[in-house]
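**Q** entry21.txt is reproduced below (compact mmCIF, C-alpha atoms).
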# COMPACT_ATOMS: atom_id res chain seq x y z
CA MET C 254 -10.83 -19.72 28.93
CA ALA C 255 -8.49 -22.68 28.88
CA ALA C 256 -5.47 -22.79 26.61
CA ALA C 257 -5.78 -25.09 23.64
CA SER C 258 -2.36 -26.65 24.10
CA ALA C 259 0.40 -26.75 26.68
CA GLY C 260 3.35 -24.41 26.56
CA LEU C 261 1.44 -21.35 25.32
CA GLY C 262 1.03 -18.02 27.06
CA PRO C 263 -2.15 -16.71 28.72
CA LYS C 264 -5.28 -18.10 27.08
CA GLY C 265 -3.08 -20.25 24.83
CA ARG C 266 -1.76 -17.21 22.98
CA GLY C 267 1.98 -17.28 23.54
CA LEU C 268 4.04 -15.97 20.63
CA GLU C 269 6.79 -18.57 20.86
CA GLY C 270 7.78 -20.33 17.69
CA ARG C 271 6.37 -17.82 15.21
CA GLY C 272 7.30 -18.70 11.65
CA LEU C 273 7.30 -22.04 9.91
CA ASN C 274 9.54 -24.30 12.01
CA GLY C 275 7.55 -27.32 10.96
CA LEU C 276 4.23 -25.68 11.85
CA GLY C 277 2.96 -24.87 8.38
CA LEU C 278 1.40 -21.40 8.08
CA LYS C 279 0.88 -20.94 11.80
CA ASP C 280 1.78 -17.32 12.69
CA ALA C 281 4.33 -17.19 9.85
CA THR C 282 2.69 -14.15 8.28
CA ALA C 283 0.72 -11.13 9.36
CA ILE C 284 -1.68 -8.53 8.01
CA ALA C 285 0.34 -5.32 8.19
CA GLY C 286 -2.02 -2.85 6.53
CA ILE C 287 -5.70 -2.35 5.69
CA GLY C 288 -7.45 0.18 3.50
CA ARG C 289 -10.86 0.97 2.12
CA THR C 290 -12.88 3.53 0.22
CA PRO C 291 -16.08 5.06 1.54
CA PHE C 292 -19.16 2.83 1.23
CA ALA C 293 -22.33 4.05 -0.46
CA LYS C 294 -25.29 2.97 -2.51
CA ARG C 295 -23.73 4.81 -5.45
CA LEU C 296 -20.13 5.99 -5.87
CA PRO C 297 -19.01 7.93 -8.96
CA GLU C 298 -15.68 6.13 -9.49
CA ASP C 299 -15.35 2.94 -11.52
CA GLU C 300 -14.31 -0.33 -9.87
CA ARG C 301 -10.66 -0.06 -10.97
CA THR C 302 -10.31 3.38 -9.43
CA LEU C 303 -11.90 2.18 -6.21
CA ALA C 304 -9.57 -0.83 -6.14
CA CYS C 305 -6.49 1.36 -6.57
CA ARG C 306 -7.60 3.70 -3.80
CA ALA C 307 -8.19 0.86 -1.35
CA VAL C 308 -4.88 -0.85 -2.19
CA LEU C 309 -2.83 2.34 -1.91
CA ALA C 310 -4.53 3.14 1.39
CA ALA C 311 -3.63 -0.31 2.73
CA LEU C 312 0.00 0.05 1.64
CA ASP C 313 0.19 3.49 3.26
CA ASP C 314 -1.31 2.01 6.43
CA ALA C 315 1.50 -0.55 6.47
CA GLY C 316 4.19 1.95 5.50
CA ILE C 317 5.17 -0.09 2.42
CA ALA C 318 5.89 1.39 -1.01
CA PRO C 319 3.83 0.09 -3.97
CA GLY C 320 7.01 -0.93 -5.78
CA GLU C 321 7.64 -3.59 -3.12
CA VAL C 322 4.43 -5.50 -3.88
CA ASP C 323 5.15 -8.82 -5.58
CA ALA C 324 2.01 -10.88 -4.88
CA LEU C 325 -1.71 -10.37 -5.47
CA ALA C 326 -4.84 -12.32 -4.60
CA SER C 327 -8.47 -11.60 -5.35
CA TYR C 328 -11.72 -13.20 -6.47
CA THR C 329 -12.66 -14.66 -9.85
CA MET C 330 -15.59 -12.25 -9.75
CA GLU C 331 -13.24 -9.26 -9.41
CA GLU C 332 -13.47 -7.03 -12.50
CA THR C 333 -10.09 -5.32 -11.93
CA ASP C 334 -7.38 -7.71 -13.08
CA GLU C 335 -3.78 -8.02 -11.93
CA VAL C 336 -2.30 -6.23 -14.95
CA GLU C 337 -4.52 -3.19 -14.55
CA LEU C 338 -3.91 -2.91 -10.83
CA ALA C 339 -0.15 -3.46 -11.09
CA LYS C 340 0.28 -0.76 -13.72
CA ALA C 341 -2.01 1.76 -12.08
CA CYS C 342 -0.49 1.38 -8.60
CA GLY C 343 3.13 1.05 -9.68
CA PHE C 344 3.93 -2.44 -8.40
CA GLY C 345 7.22 -4.19 -9.02
CA ASP C 346 7.66 -7.59 -10.63
CA LEU C 347 4.89 -9.94 -9.54
CA THR C 348 6.00 -13.45 -8.62
CA PHE C 349 2.67 -14.76 -7.34
CA PHE C 350 -0.97 -14.02 -8.19
CA SER C 351 -4.16 -16.00 -7.69
CA LYS C 352 -7.91 -15.70 -7.85
CA VAL C 353 -10.40 -17.50 -5.62
CA GLY C 354 -13.82 -18.57 -6.81
CA PHE C 355 -17.32 -18.39 -5.43
CA GLY C 356 -17.85 -14.74 -4.55
CA GLY C 357 -18.48 -14.38 -0.84
CA GLY C 358 -16.83 -17.71 -0.12
CA GLY C 359 -13.49 -16.44 -1.37
CA SER C 360 -12.75 -13.54 0.98
CA CYS C 361 -10.62 -15.26 3.62
CA ALA C 362 -8.98 -17.50 1.04
CA THR C 363 -7.32 -14.50 -0.64
CA VAL C 364 -5.39 -13.87 2.57
CA GLY C 365 -4.70 -17.58 2.96
CA HIS C 366 -3.21 -17.78 -0.52
CA LEU C 367 -0.92 -14.83 0.14
CA ALA C 368 0.11 -16.27 3.51
CA ALA C 369 1.07 -19.55 1.84
CA ALA C 370 3.03 -17.78 -0.91
CA ILE C 371 4.96 -15.61 1.53
CA ALA C 372 5.61 -18.40 4.04
CA THR C 373 7.09 -20.57 1.27
CA GLY C 374 9.27 -17.83 -0.19
CA GLN C 375 7.37 -17.23 -3.41
CA ALA C 376 6.76 -13.57 -2.53
CA SER C 377 7.43 -11.01 0.19
CA VAL C 378 4.64 -8.40 0.06
CA GLY C 379 1.13 -9.48 -0.88
CA VAL C 380 -2.03 -7.49 -1.47
CA ALA C 381 -5.56 -8.89 -1.40
CA TRP C 382 -8.49 -6.76 -2.47
CA ARG C 383 -12.12 -6.61 -3.52
CA SER C 384 -13.71 -3.76 -5.46
CA ARG C 385 -17.40 -3.86 -6.20
CA LYS C 386 -20.20 -1.65 -7.47
CA ARG C 387 -23.12 -3.82 -6.45
CA GLY C 388 -25.16 -0.89 -5.14
CA SER C 389 -25.26 0.93 -8.47
CA GLY C 390 -24.44 -2.01 -10.74
CA PRO C 391 -26.46 -4.91 -12.16
CA ARG C 392 -27.59 -7.99 -10.27
CA PRO C 393 -25.83 -11.18 -11.47
CA TRP C 394 -29.06 -13.16 -11.82
CA THR C 395 -30.51 -10.61 -14.27
CA ASN C 396 -28.10 -11.74 -16.99
CA THR C 397 -30.26 -14.17 -18.94
CA THR C 398 -27.30 -15.47 -20.95
CA VAL C 399 -25.90 -17.16 -17.83
CA GLN C 400 -29.15 -18.11 -16.13
CA LEU C 401 -28.78 -21.85 -16.47
CA PRO C 402 -25.40 -23.30 -15.62
CA THR C 403 -25.86 -27.01 -15.03
CA PRO C 404 -26.80 -26.95 -11.31
CA ALA C 405 -29.24 -24.08 -11.84
CA GLN C 406 -31.26 -26.12 -14.32
CA TRP C 407 -32.73 -27.87 -11.28
CA THR C 408 -33.50 -24.71 -9.30
CA ARG C 409 -34.18 -21.58 -11.33
CA PRO C 410 -37.04 -22.92 -13.49
CA TYR C 411 -38.88 -23.66 -10.23
CA GLY C 412 -38.55 -20.19 -8.72
CA LEU C 413 -35.19 -20.19 -6.93
CA LEU C 414 -33.90 -17.29 -8.99
CA ARG C 415 -31.82 -15.39 -6.43
CA PRO C 416 -29.49 -16.41 -3.61
CA VAL C 417 -32.10 -15.21 -1.11
CA ASP C 418 -34.63 -17.69 -2.53
CA GLU C 419 -32.21 -20.57 -2.07
CA ILE C 420 -31.21 -19.56 1.46
CA ALA C 421 -34.88 -19.03 2.35
CA MET C 422 -35.55 -22.68 1.58
CA LEU C 423 -32.68 -23.81 3.80
CA THR C 424 -33.91 -21.46 6.51
CA ARG C 425 -37.40 -22.93 6.43
CA ARG C 426 -35.97 -26.41 6.83
CA TYR C 427 -33.74 -25.26 9.69
CA MET C 428 -36.69 -23.65 11.47
CA HIS C 429 -38.77 -26.79 10.99
CA GLU C 430 -36.12 -29.21 12.23
CA TYR C 431 -34.69 -27.23 15.14
CA GLY C 432 -37.37 -24.79 16.24
CA ALA C 433 -35.50 -21.62 15.32
CA THR C 434 -37.72 -18.56 15.05
CA ARG C 435 -37.74 -15.16 13.43
CA ASP C 436 -36.76 -13.73 16.81
CA HIS C 437 -33.47 -15.60 16.50
CA LEU C 438 -32.89 -14.11 13.05
CA PHE C 439 -33.77 -10.69 14.47
CA ASN C 440 -31.10 -11.14 17.15
CA VAL C 441 -28.50 -11.43 14.38
CA ALA C 442 -29.82 -8.44 12.46
CA LEU C 443 -30.00 -6.36 15.64
CA ALA C 444 -26.45 -7.15 16.77
CA CYS C 445 -25.09 -6.10 13.38
CA ARG C 446 -27.19 -2.95 13.30
CA ASN C 447 -26.19 -1.98 16.84
CA ARG C 448 -22.53 -2.19 15.88
CA ALA C 449 -23.13 -0.22 12.68
CA ASN C 450 -24.75 2.49 14.80
CA GLN C 451 -21.33 2.87 16.46
CA ASN C 452 -19.42 2.95 13.16
CA PRO C 453 -19.45 6.25 11.22
CA ALA C 454 -18.23 4.44 8.08
CA ALA C 455 -21.25 2.11 8.05
CA ILE C 456 -24.11 2.74 5.66
CA MET C 457 -26.55 2.15 8.52
CA TYR C 458 -24.64 4.32 11.00
CA ASP C 459 -27.55 6.60 11.83
CA ARG C 460 -30.41 4.13 11.34
CA PRO C 461 -31.38 2.11 14.44
CA LEU C 462 -33.38 -1.11 14.10
CA THR C 463 -36.27 -2.17 16.36
CA ARG C 464 -38.07 -5.48 16.67
CA GLU C 465 -41.28 -3.88 15.37
CA MET C 466 -39.45 -2.60 12.28
CA TYR C 467 -38.06 -6.05 11.67
CA MET C 468 -41.29 -7.97 12.20
CA THR C 469 -43.38 -5.66 10.00
CA SER C 470 -40.89 -5.24 7.14
CA ARG C 471 -41.68 -6.64 3.72
CA TRP C 472 -40.81 -10.19 2.71
CA ILE C 473 -37.94 -10.62 0.30
CA SER C 474 -38.28 -14.41 0.18
CA GLU C 475 -40.32 -15.84 3.03
CA PRO C 476 -39.29 -16.47 5.81
CA LEU C 477 -36.57 -13.87 5.11
CA CYS C 478 -37.59 -10.24 5.35
CA LEU C 479 -35.86 -7.04 4.29
CA PHE C 480 -33.59 -6.95 7.35
CA ASP C 481 -32.45 -10.55 6.89
CA ASN C 482 -30.69 -9.48 3.69
CA CYS C 483 -27.32 -7.81 3.24
CA LEU C 484 -26.90 -4.34 1.81
CA GLU C 485 -26.20 -3.54 -1.84
CA THR C 486 -23.00 -1.51 -1.77
CA ASP C 487 -20.41 0.28 -3.85
CA GLY C 488 -16.92 0.25 -2.33
CA ALA C 489 -13.52 -1.41 -2.15
CA LEU C 490 -11.22 -2.84 0.52
CA ALA C 491 -7.70 -4.24 0.65
CA CYS C 492 -5.12 -5.65 3.03
CA VAL C 493 -1.37 -6.19 2.95
CA VAL C 494 0.23 -9.49 4.02
CA VAL C 495 3.93 -9.85 4.86
CA SER C 496 6.11 -12.21 6.88
CA ALA C 497 5.82 -12.09 10.66
CA GLU C 498 9.37 -10.75 10.84
CA ARG C 499 8.70 -7.96 8.34
CA ALA C 500 5.43 -7.06 10.04
CA ARG C 501 7.18 -6.14 13.29
CA ASP C 502 8.92 -3.29 11.46
CA CYS C 503 5.81 -1.97 9.73
CA ARG C 504 3.84 1.11 10.69
CA ARG C 505 0.95 -0.62 12.47
CA THR C 506 0.56 -3.36 15.07
CA PRO C 507 0.78 -6.68 13.20
CA VAL C 508 -2.15 -9.08 13.21
CA TYR C 509 -0.90 -12.63 12.71
CA VAL C 510 -2.52 -15.18 10.41
CA HIS C 511 -2.65 -18.07 12.84
CA ALA C 512 -4.62 -20.46 10.61
CA ALA C 513 -6.46 -20.47 7.30
CA ALA C 514 -8.81 -22.92 5.63
CA GLN C 515 -10.86 -23.49 2.50
CA SER C 516 -13.65 -25.98 1.95
CA LEU C 517 -15.63 -27.45 -0.89
CA PRO C 518 -17.34 -30.42 0.81
CA ALA C 519 -18.22 -33.63 -0.98
CA GLN C 520 -21.35 -33.57 -3.12
CA HIS C 521 -21.79 -29.85 -2.54
CA HIS C 522 -24.50 -27.98 -4.47
CA GLY C 523 -24.21 -24.22 -3.98
CA MET C 524 -26.68 -22.65 -1.56
CA VAL C 525 -29.18 -25.52 -1.50
CA ASN C 526 -26.96 -28.60 -0.94
CA TYR C 527 -29.50 -30.83 -2.67
CA TRP C 528 -27.17 -33.78 -3.08
CA ASN C 529 -25.74 -33.82 0.42
CA ASP C 530 -27.08 -36.29 2.92
CA ASP C 531 -27.75 -33.31 5.20
CA PRO C 532 -28.29 -29.92 3.52
CA LEU C 533 -27.82 -28.13 6.85
CA THR C 534 -24.27 -29.39 7.28
CA GLY C 535 -22.71 -26.90 4.91
CA PRO C 536 -19.18 -25.89 3.93
CA ALA C 537 -18.54 -24.24 7.33
CA TRP C 538 -18.32 -27.66 8.95
CA ALA C 539 -15.60 -28.89 6.62
CA ALA C 540 -13.70 -25.59 6.78
CA ALA C 541 -13.86 -25.63 10.57
CA ARG C 542 -12.39 -29.11 10.85
CA HIS C 543 -9.38 -28.02 8.82
CA LEU C 544 -9.05 -24.65 10.58
CA TRP C 545 -8.99 -26.05 14.12
CA LYS C 546 -6.78 -28.98 13.09
CA HIS C 547 -4.05 -26.53 12.11
CA SER C 548 -4.50 -24.21 15.08
CA ASP C 549 -3.24 -24.05 18.64
CA LEU C 550 -6.61 -22.59 19.62
CA THR C 551 -10.20 -23.75 20.05
CA PRO C 552 -13.56 -21.97 19.72
CA GLU C 553 -13.37 -21.21 23.45
CA ASP C 554 -10.32 -19.02 22.81
CA VAL C 555 -12.09 -16.77 20.30
CA ASP C 556 -12.85 -13.32 21.72
CA VAL C 557 -14.74 -11.88 18.76
CA ALA C 558 -15.98 -13.22 15.42
CA GLN C 559 -16.65 -11.66 12.05
CA ILE C 560 -19.14 -14.13 10.57
CA TYR C 561 -20.26 -13.85 6.97
CA ASP C 562 -23.77 -12.44 6.97
CA ALA C 563 -25.17 -12.09 3.49
CA PHE C 564 -28.32 -13.43 5.19
CA THR C 565 -29.06 -13.71 8.91
CA PRO C 566 -29.53 -17.52 8.98
CA LEU C 567 -25.98 -18.02 7.70
CA VAL C 568 -24.75 -16.79 11.06
CA LEU C 569 -26.73 -19.48 12.88
CA LEU C 570 -25.34 -22.18 10.59
CA SER C 571 -21.80 -20.86 11.01
CA LEU C 572 -22.04 -20.70 14.80
CA GLU C 573 -22.73 -24.43 14.71
CA GLY C 574 -20.26 -25.28 11.97
CA TYR C 575 -17.33 -23.55 13.68
CA GLY C 576 -18.12 -25.16 17.01
CA PHE C 577 -19.51 -22.36 19.17
CA CYS C 578 -22.63 -24.39 19.92
CA GLY C 579 -24.14 -27.79 19.16
CA ARG C 580 -26.08 -28.93 16.15
CA GLY C 581 -29.43 -27.15 15.96
CA GLU C 582 -28.48 -24.76 18.77
CA GLY C 583 -27.56 -21.75 16.63
CA GLY C 584 -30.88 -20.03 17.22
CA ALA C 585 -30.83 -20.45 20.99
CA PHE C 586 -27.20 -19.31 21.07
CA THR C 587 -28.26 -15.83 19.94
CA GLU C 588 -30.55 -15.29 22.93
CA GLY C 589 -29.81 -12.98 25.85
CA GLY C 590 -27.56 -10.63 23.92
CA ALA C 591 -24.96 -13.30 23.22
CA LEU C 592 -23.89 -11.64 19.96
CA GLU C 593 -23.60 -8.15 21.44
CA ILE C 594 -20.56 -6.50 23.01
CA GLY C 595 -20.21 -8.11 26.43
CA GLY C 596 -22.05 -11.23 25.26
CA THR C 597 -20.79 -14.77 24.80
CA LEU C 598 -19.44 -14.07 21.31
CA PRO C 599 -19.60 -10.51 19.93
CA VAL C 600 -20.04 -10.68 16.15
CA ASN C 601 -19.62 -8.38 13.16
CA THR C 602 -18.46 -5.46 15.23
CA GLY C 603 -18.31 -3.06 12.28
CA GLY C 604 -21.87 -3.89 11.26
CA GLY C 605 -21.10 -6.69 8.81
CA GLY C 606 -22.70 -7.17 5.42
CA LEU C 607 -26.11 -6.57 6.94
CA SER C 608 -25.43 -3.05 8.20
CA GLU C 609 -21.93 -1.75 7.38
CA ALA C 610 -21.43 -2.69 3.71
CA TYR C 611 -21.61 -5.75 1.52
CA VAL C 612 -18.37 -6.16 -0.44
CA HIS C 613 -18.31 -9.95 -0.58
CA GLY C 614 -17.18 -10.18 3.03
CA PHE C 615 -13.88 -8.34 2.76
CA ASN C 616 -14.97 -5.75 5.32
CA LEU C 617 -15.09 -8.59 7.87
CA ILE C 618 -11.35 -9.16 7.39
CA ASP C 619 -10.53 -5.50 7.89
CA GLU C 620 -12.75 -5.31 10.98
CA GLY C 621 -11.02 -8.35 12.43
CA VAL C 622 -7.71 -6.52 12.05
CA ARG C 623 -9.10 -3.40 13.73
CA GLN C 624 -10.35 -5.45 16.67
CA LEU C 625 -6.93 -6.99 17.26
CA ARG C 626 -5.24 -3.62 16.88
CA GLY C 627 -7.66 -2.23 19.46
CA THR C 628 -9.03 0.41 17.06
CA SER C 629 -12.55 -0.82 16.32
CA THR C 630 -15.46 1.57 16.79
CA ALA C 631 -17.05 -1.21 18.88
CA GLN C 632 -13.96 -2.56 20.57
CA VAL C 633 -14.15 -5.83 22.49
CA PRO C 634 -11.99 -5.27 25.60
CA GLY C 635 -8.78 -7.29 25.48
CA ALA C 636 -9.58 -9.01 22.18
CA SER C 637 -6.60 -11.02 20.97
CA VAL C 638 -8.16 -13.80 18.86
CA CYS C 639 -10.67 -13.23 16.06
CA LEU C 640 -12.36 -15.71 13.75
CA VAL C 641 -13.27 -14.41 10.29
CA THR C 642 -15.46 -16.50 8.00
CA ALA C 643 -16.48 -16.34 4.37
CA GLY C 644 -19.82 -17.34 2.87
CA GLU C 645 -21.66 -20.31 4.30
CA GLY C 646 -23.73 -22.18 1.69
CA VAL C 647 -21.01 -21.91 -0.96
CA PRO C 648 -17.42 -23.20 -1.19
CA THR C 649 -15.94 -21.20 1.64
CA SER C 650 -12.87 -20.14 3.61
CA ALA C 651 -11.93 -18.89 7.06
CA LEU C 652 -9.14 -17.18 8.97
CA LEU C 653 -8.06 -17.32 12.57
CA LEU C 654 -6.29 -14.08 13.43
CA ARG C 655 -4.38 -13.26 16.61
CA SER C 656 -2.49 -10.30 18.02
So, in terms of structure tokens, how does the structure I just supplied come out?
**A**
Amino acid sequence: MAAASAGLGPKGRGLEGRGLNGLGLKDATAIAGIGRTPFAKRLPEDERTLACRAVLAALDDAGIAPGEVDALASYTMEETDEVELAKACGFGDLTFFSKVGFGGGGSCATVGHLAAAIATGQASVGVAWRSRKRGSGPRPWTNTTVQLPTPAQWTRPYGLLRPVDEIAMLTRRYMHEYGATRDHLFNVALACRNRANQNPAAIMYDRPLTREMYMTSRWISEPLCLFDNCLETDGALACVVVSAERARDCRRTPVYVHAAAQSLPAQHHGMVNYWNDDPLTGPAWAAARHLWKHSDLTPEDVDVAQIYDAFTPLVLLSLEGYGFCGRGEGGAFTEGGALEIGGTLPVNTGGGGLSEAYVHGFNLIDEGVRQLRGTSTAQVPGASVCLVTAGEGVPTSALLLRS
């Protein structure tokens, strides 16, 4: 693959000029530690306990004491707040803390916020986390007191009650306009399941998927069947972000944050994009423009991708949005084992939200780190650049990681 710009090392991945030096966030920070709890349909601990366990595991992975933490980032939907976590884990004075909105769209942005804070001197050791009991807890749409925020007044009374109903409508339009089929969606589900079958931590570790199982499974919201939908999971994950210089002295191989992006495109309407000129040009397209603009790399340099997969069609839309194929070509891109190990673009190598665990996409960040450390259970040989994306269909974010 060709280098994206002159003066870089092999495949455009030279490490010269790490740090700011007029380059913004590019390679100025690194993920130095990752941690997680077990994943399950039902865990006995509460969300705060799970959060603390994941955070302390990530700090231990990095070899950093809790008292050195001075920055936090999480989601607005996170139930464990900064005060609770700081007291329970024994952090020092916090000088930066933020929360990112929109559930699955916020995962990568938590790391981006910490990278910006550390690169600009506002903090030195940041922790991002997500703790969730979605497997044993309530479904958000069952709370009738919040059923009708303003945008939902135009969707929920007409049957679009759940995210799957909204994405099903977009999927039907995509299939109609571009000829995508259920076989293309199956290719996504199968790639994720095959990787989960290699990952002992995945909920679907010992449960293979066949085409017959997929095609005969029950509808959840037509044309999306059971296996087009992510898991419902209890669990927590965390990662530690420090400066590039500090990361070189940490316990594990550093994984550099080469670029980060967020996107809330003009006239966006969550999931359905009613008011956009083109509902199928979602937030991924705007995030991608910003991500590649601030990167020395191109899609051709990406060795492995962790693409947000709450629903299988989101992967097709993201493949197009982030530039791995042309408009309307996401379905065809999945053919011939392209998403498998050894294919054109191996994806979701831990199993993703479809088959490892669904914790609002944070497991995709941790798996990206494992790939670039060379410790994944489904390792892509020689992987040194990984794209991680957050939810397509909602205000989103993305990371470009490199070793």
**Q** Taking only residues of segment 505-612 of chain C that have an atom at most 8 Å from an atom of segment 465-485 of chain C, what is each one's shortest atom pair and its distance in Å to one decimal, using only C-alpha atoms, in chain and number order, as JSON lines?
**A**
{"residue": "C:Asp562", "atom": "CA", "partner": "C:Cys483", "partner_atom": "CA", "distance": 6.9}
{"residue": "C:Ala563", "atom": "CA", "partner": "C:Cys483", "partner_atom": "CA", "distance": 4.8}
{"residue": "C:Phe564", "atom": "CA", "partner": "C:Asn482", "partner_atom": "CA", "distance": 4.8}
{"residue": "C:Thr565", "atom": "CA", "partner": "C:Asp481", "partner_atom": "CA", "distance": 5.1}
{"residue": "C:Pro566", "atom": "CA", "partner": "C:Asp481", "partner_atom": "CA", "distance": 7.8}
{"residue": "C:Gly606", "atom": "CA", "partner": "C:Cys483", "partner_atom": "CA", "distance": 5.1}
{"residue": "C:Leu607", "atom": "CA", "partner": "C:Cys483", "partner_atom": "CA", "distance": 4.1}
{"residue": "C:Ser608", "atom": "CA", "partner": "C:Leu484", "partner_atom": "CA", "distance": 6.7}
{"residue": "C:Glu609", "atom": "CA", "partner": "C:Leu484", "partner_atom": "CA", "distance": 7.9}
{"residue": "C:Ala610", "atom": "CA", "partner": "C:Leu484", "partner_atom": "CA", "distance": 6.0}
{"residue": "C:Tyr611", "atom": "CA", "partner": "C:Leu484", "partner_atom": "CA", "distance": 5.5}
**Q** Taking (-14.8, 0.3, -10.5) in the coordinates of the supplied file, I want to know which residues reach to within 10 Å of it, counting all atoms listed in the file; could you give the answer as a PyMOL selection string?
**A** chain C and resi 296-305+331-333+384-386+390+487-489
**Q** In Å to one decimal, how far is atom CA of Leu625 of chain C from atom CA of Arg306 of chain C?
**A**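 These atoms are spaced 23.6 Å apart.
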**Q** Report, as lines of an AutoDock Vina configuration file, the centre and edge lengths in Å (one decimal) of the axis-aligned box enclosing every listed atom of segment 408-424 of chain C, padded by 8 Å on each side.
**A**
center_x = -34.2
center_y = -20.0
center_z = -3.5
size_x = 25.4
size_y = 25.5
size_z = 36.0
**Q** If you count all atoms listed in the file, which residues fall within 8 Å of Gly320 of chain C, apart from same-chain ones fewer than 2 positions away, as number ranges by chain?
**A** C: 318, 322, 343-345
**Q** Write a file of the selected residues as an mmCIF file, in the coordinates of the input, keeping C-alpha atoms.
**A**
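Written output follows (result18.cif):
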data_model
loop_
_atom_site.group_PDB
_atom_site.id
_atom_site.type_symbol
_atom_site.label_atom_id
_atom_site.label_comp_id
_atom_site.auth_asym_id
_atom_site.auth_seq_id
_atom_site.Cartn_x
_atom_site.Cartn_y
_atom_site.Cartn_z
ATOM 1 C CA ALA C 318 5.890 1.390 -1.010
ATOM 2 C CA VAL C 322 4.430 -5.500 -3.880
ATOM 3 C CA GLY C 343 3.130 1.050 -9.680
ATOM 4 C CA PHE C 344 3.930 -2.440 -8.400
ATOM 5 C CA GLY C 345 7.220 -4.190 -9.020
#
**Q** For atom CA of Val641 of chain C and atom CA of Ile618 of chain C, quote the distance in Å rounded to one decimal.
**A** 6.3 Å
